[in-house]
Amino acid sequence: MTTSNRPPSVDTLARSLVGTGLPHPLLVELARAAIARGRWDEAEHDAVQFARTLLQPVINASGVLLHTNLGRAPMRIHRDARSVNLEIDLETGRRGSRQGAVGGLIARLCGAEAAVVVNNNAAAVMLVLSALAGGREVPVARGESVEIGGGFRVPEVMEQSGARLVDVGTTNRTRLSDYQHAMSDETALIFKIHPSNYRVEGFVEDTPVSELSSLGVPVVADIGSGLVDAACPWLASGPPAWLVGEPAARQSLADGAALVTFSTDKLFGGPQAGVIAGRADLVERCARHPLMRAVRPGSLVLSSLQDVALAYLRRTVTEAVPFWSMATVSVESLRDRAHALSIGEPTAMESLPGAGSLPGVTMPSFGVSLPGDHAAPLRRNHVPVIARVRDQITYLDLRTVDPADDPLVASALHSLTR
């Protein structure tokens with residue numbers, strides 16, 4: 001029980017918590033709850049804990065570039081408090097399409113006839129199946145009938161869309177002949193899924209898009225991670241070694257895919273959204289489906305995507321898109337930053353792409369390490385720092401830390417010794 005026998009008034013206690021930065025109505029609720037349970041001395045702790053549940057900036061020192069729990073691709077966002085021409089044609093003054101500008105830019109990047117943007121890649125897959133395969137059959141390789149984070153399962157999505165799943169081949173080997181045997185008059189399309197969150201090795205075989213496209217029905221390739229061009233023309237040195245084998249939109253379409261779907265908050269480096277790109281007639285059928293209104297993005301997402309797409313076209317990706325800045329920084333630069341922190345042991349590390357992209361792939365990195373598990377105190381820092389712990393050693397990987405945040409990392413580390 002609290003040491004004081006007489007509780008303060010709710011208003012007095014609430015006003016004493018103003019330093020937490022929470023709105024007064026929330027402080028009143030917290031104060032009233034603390035008084036009701038006879039622990040008004042805990043009200044400040046309650047307010048601080050509540051504030052920590054709100055969305056706030058954190059420093060990602062985990063070494064996972066696309067950390068799903070930290071929002072995947074980090075972004076710099078600035079937007080003036082003005083209206084935008086979301087659905088108005090500035091030439092005619094009439095209603096226009098919210099998809100035209102950004103969809104056109106992404107189509108250009110992918111080498112596609114057309115593209116539309118939806119809320120995320122799960123929505124893209126659901127929309128494609130609903131619009132193009134409702135009530136009909138869709139062959140899917142057994143090894144590609146995957147589950148990703150949040151319980152998103154291909155068979156269940158197929159069921160919700162109204163399409164009928166036809167299992168093809170075996171878990172580890174699927175040949176063109178397996179698809180041929182599965183074809184019927186009811187086949188609407190072939191769904192080729194990149195199992196981006198796991199890898200099967202050894203006695204394996206799959207059927208590439210270039211072969212599937214010979215079967216006479218549209219091939220939809222879900223490439224997942226959002227690599228738009230395997231050649232990486234936005235990088236002066238060309239594609240990095242860690243991208244070898246990752247499917248890309250431009251090459252999948254060139255190989256004969258009628259459509260590709262992918263996320264834009266992974267390797268694309270933008271906000272959360274999904275893209276459907278490819279044949280104009282099929283994209284148009286998706287755009288006109290009733291489900292499109294439920295999954296279309298708003299102006300903030302589209303504006304952010306437009307900025308990223310323009311950075312690709314301007315070849316300024318490594319400066320303008322934080323993911324590519326992190327992915328291409330040299331190990332030598334990271335080593336210099338680790339030594340400059342002057343606290344912790346400079347340590348060679350391995351970073352991960354993350355978010356289900358490139359499973360099993362790592363890239364060399366550098367950071368600092370400290371003996372002991374300091375993850376919780378670092379998370380309680382005034383700007384939370386997310387580190388990783390292995391074998392009672394705390395690692396802070398600088399590849400995923402913006403250089404401008406190095407002083408904050410140093411301060412957080414110094415606070416551990418006070």
# chains A, B, ... in the order shown; residues from 1 in each chain; ligands from 1
>>> residues_around(residues="stretch 253-267 of chain A", least_positions_apart="2", cutoff="8 Å", atoms="only C-alpha atoms", output="count of residues only")
42
>>> residues_around(residues="A:Leu176", least_positions_apart="3", cutoff="8 Å", atoms="only C-alpha atoms", output="list of chain:residue names")
A:Tyr179, A:Gln180, A:Thr207, A:Glu211, A:Leu212
>>> write_last_selection(atoms="N, CA and C atoms", output="compact mmCIF listing (two decimals), in the first residue's frame")
# COMPACT_ATOMS: atom_id res chain seq x y z
N TYR A 179 2.79 -29.78 -64.06
CA TYR A 179 1.82 -28.72 -64.38
C TYR A 179 0.96 -29.13 -65.57
N GLN A 180 1.57 -29.73 -66.57
CA GLN A 180 0.81 -30.16 -67.75
C GLN A 180 -0.30 -31.14 -67.37
N THR A 207 10.13 -25.47 -61.51
CA THR A 207 9.91 -25.13 -62.91
C THR A 207 9.94 -23.61 -63.06
N GLU A 211 9.51 -21.65 -68.56
CA GLU A 211 8.88 -22.89 -69.01
C GLU A 211 7.38 -22.86 -68.78
N LEU A 212 6.97 -22.35 -67.65
CA LEU A 212 5.54 -22.30 -67.34
C LEU A 212 4.78 -21.45 -68.35
>>> residues_around(residues="A:Leu127", least_positions_apart="3", cutoff="9 Å", atoms="only C-alpha atoms", output="count of residues only")
14
>>> closest_residue(among="A:Phe152, A:Tyr312, A:Phe50, A:Phe191", to="A:Trp324", atoms="only C-alpha atoms")
A:Tyr312
>>> closest_residue(among="A:Pro23, A:Gly103, A:Pro346, A:Pro233", to="A:Ser369", atoms="only C-alpha atoms")
A:Pro346
>>> select_by_dssp(residues="stretch 69-181 of chain A", states="strand (DSSP E)", output="list in words")
Ala114, Ala115, Val116, Val117, Val118, Glu137, Val138, Pro139, Val140, Ala141, Glu147, Ile148, Phe152, Arg153, Arg164, Leu165, Val166, Asp167 and Val168 of chain A
>>> select_by_dssp(residues="stretch 286-414 of chain A", states="alpha helix (DSSP H)", output="MDAnalysis selection string")
chainID A and resid 286:288 292:295 299:314 317:320 322:328 331:340 375:379 406:414
>>> atom_distance(atom1="atom CA of A:Arg335", atom2="atom CA of A:Glu350")
12.8 Å
>>> residues_around(residues="A:Trp242", least_positions_apart="4", cutoff="10 Å", atoms="only C-alpha atoms", output="list in words")
Glu246, Ala327, Leu352, Pro353, Leu358, Gly360, Val361, Thr362 and Met363 of chain A
>>> write_last_selection(atoms="N, CA and C atoms", output="PDB file, in the first residue's frame")
ATOM      1  N   GLU A 246      17.913 -14.073 -56.548  1.00  0.00           N
ATOM      2  CA  GLU A 246      16.644 -13.476 -56.112  1.00  0.00           C
ATOM      3  C   GLU A 246      15.811 -13.096 -57.333  1.00  0.00           C
ATOM      4  N   ALA A 327      22.522  -1.197 -47.254  1.00  0.00           N
ATOM      5  CA  ALA A 327      22.978  -2.409 -47.932  1.00  0.00           C
ATOM      6  C   ALA A 327      24.312  -2.225 -48.641  1.00  0.00           C
ATOM      7  N   LEU A 352      21.769  -9.366 -41.888  1.00  0.00           N
ATOM      8  CA  LEU A 352      20.764 -10.140 -42.613  1.00  0.00           C
ATOM      9  C   LEU A 352      19.831  -9.201 -43.370  1.00  0.00           C
ATOM     10  N   PRO A 353      19.428  -9.558 -44.599  1.00  0.00           N
ATOM     11  CA  PRO A 353      18.423  -8.742 -45.287  1.00  0.00           C
ATOM     12  C   PRO A 353      17.118  -8.653 -44.504  1.00  0.00           C
ATOM     13  N   LEU A 358      15.603 -13.307 -49.046  1.00  0.00           N
ATOM     14  CA  LEU A 358      16.910 -13.947 -49.133  1.00  0.00           C
ATOM     15  C   LEU A 358      17.242 -14.774 -47.898  1.00  0.00           C
ATOM     16  N   GLY A 360      18.806 -17.262 -45.392  1.00  0.00           N
ATOM     17  CA  GLY A 360      20.122 -17.875 -45.348  1.00  0.00           C
ATOM     18  C   GLY A 360      21.243 -17.007 -45.875  1.00  0.00           C
ATOM     19  N   VAL A 361      20.901 -15.824 -46.405  1.00  0.00           N
ATOM     20  CA  VAL A 361      21.906 -14.932 -46.974  1.00  0.00           C
ATOM     21  C   VAL A 361      22.355 -13.932 -45.924  1.00  0.00           C
ATOM     22  N   THR A 362      23.654 -13.704 -45.842  1.00  0.00           N
ATOM     23  CA  THR A 362      24.198 -12.702 -44.944  1.00  0.00           C
ATOM     24  C   THR A 362      25.125 -11.775 -45.718  1.00  0.00           C
ATOM     25  N   MET A 363      25.461 -10.650 -45.115  1.00  0.00           N
ATOM     26  CA  MET A 363      26.421  -9.724 -45.696  1.00  0.00           C
ATOM     27  C   MET A 363      27.384  -9.286 -44.600  1.00  0.00           C
TER      28      MET A 363
END
>>> closest_residue(among="A:Val168, A:Ala101, A:Ile77, A:Ala280", to="A:Ala182", atoms="only C-alpha atoms")
A:Val168
>>> residues_around(residues="A:Ser299", least_positions_apart="5", cutoff="10 Å", atoms="only C-alpha atoms", output="PyMOL selection string")
chain A and resi 83-87+98+304-305
>>> write_last_selection(atoms="N, CA and C atoms", output="CSV table (one decimal), in the first residue's frame")
chain,number,residue,atom,x,y,z
A,83,SER,N,-3.2,19.8,-49.9
A,83,SER,CA,-3.9,18.8,-50.7
A,83,SER,C,-3.0,18.3,-51.8
A,84,VAL,N,-3.3,17.1,-52.4
A,84,VAL,CA,-2.6,16.6,-53.5
A,84,VAL,C,-3.5,16.2,-54.6
A,85,ASN,N,-3.1,16.2,-55.9
A,85,ASN,CA,-3.9,15.8,-57.0
A,85,ASN,C,-4.1,14.3,-57.1
A,86,LEU,N,-4.7,13.7,-56.0
A,86,LEU,CA,-4.8,12.3,-55.9
A,86,LEU,C,-5.7,11.7,-57.0
A,87,GLU,N,-6.8,12.3,-57.2
A,87,GLU,CA,-7.8,11.8,-58.2
A,87,GLU,C,-8.4,13.0,-59.0
A,98,ARG,N,-6.2,7.5,-59.2
A,98,ARG,CA,-5.1,7.6,-58.2
A,98,ARG,C,-3.9,6.7,-58.6
A,304,SER,N,4.8,8.6,-51.1
A,304,SER,CA,6.0,8.1,-50.6
A,304,SER,C,6.6,7.1,-51.7
A,305,LEU,N,5.7,6.3,-52.3
A,305,LEU,CA,6.1,5.4,-53.3
A,305,LEU,C,6.6,6.1,-54.5
>>> atom_distance(atom1="atom CA of A:Ser252", atom2="atom CA of A:Gly134")
23.9 Å
>>> atom_distance(atom1="atom CA of A:His374", atom2="atom CA of A:Pro74")
24.1 Å
>>> residues_around(residues="A:Ala14", least_positions_apart="3", cutoff="8 Å", atoms="only C-alpha atoms", output="JSON, numbers by chain")
{"A": [10, 11, 17, 18, 24, 27, 28, 30, 31]}
>>> residues_around(residues="A:Gln392", least_positions_apart="2", cutoff="9 Å", atoms="only C-alpha atoms", output="NGL selection string")
:A and (370-374 or 389-390 or 394)
>>> write_last_selection(atoms="C-alpha atoms", output="tab-separated table (two decimals), in the first residue's frame")
chain	number	residue	atom	x	y	z
A	370	LEU	CA	29.70	-6.01	-24.90
A	371	PRO	CA	29.79	-8.94	-22.47
A	372	GLY	CA	26.43	-9.65	-20.87
A	373	ASP	CA	22.81	-9.27	-21.90
A	374	HIS	CA	22.05	-5.54	-22.17
A	389	VAL	CA	22.15	-11.05	-27.83
A	390	ARG	CA	23.87	-14.36	-28.40
A	394	THR	CA	25.28	-8.06	-26.74
>>> closest_residue(among="A:Ile386, A:Val308, A:Thr174, A:Arg37", to="A:Val321", atoms="only C-alpha atoms")
A:Val308
